[in-house]
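Note sheet for the following structure.
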2 protein chains.
Amino acid sequence: MRFSANPVTPCGVSQDAPPSHRPARTLADIARLAGVSTGTVSRALAGSSLVNAETRERIQALAAAHDFRVNQMARRLRTQKTGVIGVVVPLGHERRQHLSDPFFMTILGHLADALTENGYDVMLSRVIPDAADWLERIVDSGMLDGVLLIGQSDQMAAIERVAARYRPLVAWGSSLPGQVHCAVGTENVAGGRIAAEHLIARGVRRIAFLGELRAPEIRARFEGVCAAAAAAGLPAPLQLDTHLASEMMEREIAAHLTRHLDRIDGIAAGSDMIAMTTLRVLADQGMAVPSDVPVIGYDDLPLGLQTVPRLTTVRQDIARGARAMVERLFARIAGQDAPSLVMAPELVVRDSA
Amino acid sequence: MRFSANPVTPCGVSQDAPPSHRPARTLADIARLAGVSTGTVSRALAGSSLVNAETRERIQALAAAHDFRVNQMARRLRTQKTGVIGVVVPLGHERRQHLSDPFFMTILGHLADALTENGYDVMLSRVIPDAADWLERIVDSGMLDGVLLIGQSDQMAAIERVAARYRPLVAWGSSLPGQVHCAVGTENVAGGRIAAEHLIARGVRRIAFLGELRAPEIRARFEGVCAAAAAAGLPAPLQLDTHLASEMMEREIAAHLTRHLDRIDGIAAGSDMIAMTTLRVLADQGMAVPSDVPVIGYDDLPLGLQTVPRLTTVRQDIARGARAMVERLFARIAGQDAPSLVMAPELVVRDSA
DNA sequence: TCTCCTATTGCAATCGATTGCAACAAGCCC
DNA sequence: GGGCTTGTTGCAATCGATTGCAATAGGAGA
């Protein structure tokens, strides 16, 4: 805690000096005090060179003394720029998935960093797309200069519809051929293939894939896993639905494994969170990873470094993806065009497979 | 993915029917179309009983057909209610701590849920309090109906100063005697004592505390640990600074443990994230938990269920805390008074201690 | 038929800033 | 001294909605 030399109150907290005058709420208040018009005050506070340097400083001092700050609502209405970017998490399938899902949070953190560094505020919405026009409501609210979507969920149709007329919109997720909206993501089919090939190289022959297929990303990863298995002449992988809501995930995986563990010898998880939960369940069941059954994840969350054993996974460069999303969004706000980005996934071999 | 029966484009996405008319942007557009005044349109869209049911429906239909949505900026300027709550993460010490810290994210998720359920939007700010008036800028921006602070960091003075005049402000964190701002948190001294007592009951005699003391919460937990040790006639615990930025944490803990492991026989961590990283480091160093050295965390994050061994910890009921913060904030927005809340921490015994 | 009441609707002020344009003074040159 | 530039400042429209009050029409009641 920082203690200053000021008098200290009973709670052990120093009080900075209060402003000596009563606060002013509007430009007009300051204008009256300074004996000028509101226009001049507005220009002075904006640092415009149109106003005399002396008056400008006098007005700024006055504003500071009355700790005046311009009303952003009014300013933004007038200038038609809000300085706010919406970061939206659509939970189409998986309504129970919590906002605290580590993948969301990792990418949200990077997005928030990039946006605040550029002077934008972040408006966070976790929406359950009940109404068909959920995205229209967001983009047409007049509150936002642009929108970033974390994941497409099962809302491709709604996103495409809006993107056709609303430019400053960028999504994290898949780019399908012919898609009009700008998306940043990794090549999920290739990623799935890489994961499976790694398992196969370790001698796995009967792969289980944990994850459900309604989200396009997860479905693509599964397709990659299937392709690799087919190419190696192995039987088709066993696909086991796994919901992302953390409360249910552990029970569900445990049930899957007790039922199917004798029929498989390696696990490709649809995400790192699924993989981490799987490690936990396997430990409970007395199975050793990777010697009894190797496990590979997908995402490369920082948390994967903390597990025992450390998670082998397929890396999506989330930090780079977030930067790319913000770059593309700014380009689109500036009226330029910005194409989708598909990043190559990368195998990260640690200890679990 | 949901496929509808509509014609399908090459990207495999169905196109919903576009609106048949060109979109209307303002109330005045709709008013012209309907042959009424903007006032009537405004009332009609608000569902006011002042306008004839027939006209009301006609206007609503018109608005829907031209997919019109009222400009929130203008509406909010006029009504002086923004419908937005700021959720602010001050990073005073620990500037490098990332927004993706699981504790932040867990509480943020709960706050966001509670706020959106009540029809509020969430504006997220991660601020590094360089300027002395960082909080004034936020509360006086005119964009927010209220502010929730996640953690007080080392900014007690700034928070107290603003809280003295700005009512709708609630913080997560400590309540010090005489404090004017409303805080919701747990009794950290008691929590620290509980943790240490549990270790001591397991036979630990030389406790190490991992965490740095600039944040008031962590400091209080350490005081509790010290009190318990003193009460049991044990030597003073060894306090080891641990930064919260995840990149540094593992290296730092590893360095601490190689230096001091022979002098301690039990570890109380300042937070669950520190505890989880400690488990990971101990596994690397070939130490068994809890038989060689027990480890206890603090927070009870959902992630603690996923570690091997499962984390023994001191529970803060984050969900309840988040609900309490939102309740108190709403009370304050409504002009009522709302006192601070100090919740009792609770020991959660799992496998790590 | 006249008055009064009620159900609708329009008018215009208002929220608090920004900004193009006009106005004005001082200074300069010829 | 008149015309012109330059540097400042004020005026007033504007952003897009909300809302108190006035105005109107039509019907009911006496």
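Order determines the names: the first chain of the structure tokens is A, the second B, and so forth; residues in each chain are numbered 1 upward, and ligands are numbered 1 upward as they are shown.
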Exercise. Could you give me, as a PyMOL selection string, the residues within 12 Å of DT19 of chain C, counting only C-alpha atoms (C1' of nucleotides) and dropping anything in the same chain fewer than 2 positions from it?
Key: (chain A and resi 38-40+42-43+48+50+78-79) or (chain C and resi 17+21) or (chain D and resi 11-15)
Quiz item: DA22 of chain D: which residues within 10 Å, counting only C-alpha atoms (C1' of nucleotides), same-chain residues fewer than 2 positions away excluded, as a list in words?
Solution: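 Non-adjacent residues within range: DG10 and DC11 of chain C; DG20 and DT24 of chain D.
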Quiz item: Please, which residues of chain D lie no more than 9 Å from chain A when the count uses only C-alpha atoms (C1' of nucleotides), and can they be set out as a ChimeraX atom specification?
Solution: /D:7-10,14-16
Save the residues we just selected, C-alpha atoms (C1' of nucleotides), as a PDB file, in the first residue's frame?
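Produced file result30.pdb, reproduced below:
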ATOM      1  C1'  DG D   7      -5.999  35.873 -34.612  1.00  0.00           C
ATOM      2  C1'  DT D   8      -9.872  35.060 -31.377  1.00  0.00           C
ATOM      3  C1'  DT D   9     -14.300  34.500 -29.984  1.00  0.00           C
ATOM      4  C1'  DG D  10     -19.411  34.008 -30.123  1.00  0.00           C
ATOM      5  C1'  DT D  14     -26.798  19.808 -34.856  1.00  0.00           C
ATOM      6  C1'  DC D  15     -26.442  14.851 -33.039  1.00  0.00           C
ATOM      7  C1'  DG D  16     -31.305  11.608 -31.992  1.00  0.00           C
TER       8       DG D  16
END
Quiz item: Got a sec to tell me which of segment 96-238 of chain A DSSP assigns to alpha helix (DSSP H), as a ChimeraX atom specification?
Solution: /A:102-117,134-139,156-163,188-201,216-231
Exercise. Please provide the set of residues having any atom within 12 Å of DG27 of chain C, restricted to only C-alpha atoms (C1' of nucleotides), with same-chain residues fewer than 5 positions apart removed, written as a PyMOL selection string.
Key: chain D and resi 4-7
Quiz prompt | Contacts of segment 327-342 of chain B at 7 Å (only C-alpha atoms (C1' of nucleotides); same-chain gap of 4+ positions) as a PyMOL selection string | solution = chain B and resi 167-170+182-187+323
Can those selected residues be exported to a file as a PDB file, in the first residue's frame so that it contains C-alpha atoms?
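Resulting contents of out39.pdb:
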ATOM      1  CA  ARG B 167     -22.348   6.572  -4.266  1.00  0.00           C
ATOM      2  CA  PRO B 168     -22.829   3.755  -6.804  1.00  0.00           C
ATOM      3  CA  LEU B 169     -19.437   2.191  -6.259  1.00  0.00           C
ATOM      4  CA  VAL B 170     -18.760  -1.227  -4.772  1.00  0.00           C
ATOM      5  CA  CYS B 182     -18.614  -0.277   0.243  1.00  0.00           C
ATOM      6  CA  ALA B 183     -16.608  -3.468  -0.048  1.00  0.00           C
ATOM      7  CA  VAL B 184     -17.528  -7.110  -0.329  1.00  0.00           C
ATOM      8  CA  GLY B 185     -14.943  -9.692   0.578  1.00  0.00           C
ATOM      9  CA  THR B 186     -13.871 -12.343   2.987  1.00  0.00           C
ATOM     10  CA  GLU B 187     -12.218 -12.112   6.321  1.00  0.00           C
ATOM     11  CA  ARG B 323     -24.267 -11.400  -6.219  1.00  0.00           C
TER      12      ARG B 323
END
Exercise. Identify every residue of chain C that has at least one atom within 10 Å of any atom of chain B, counting only C-alpha atoms (C1' of nucleotides), and report the result as a list in words.
Key: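 On the chain C side, the interface is DA7, DT8, DT9, DG10, DC11, DT14, DC15 and DG16 of chain C.
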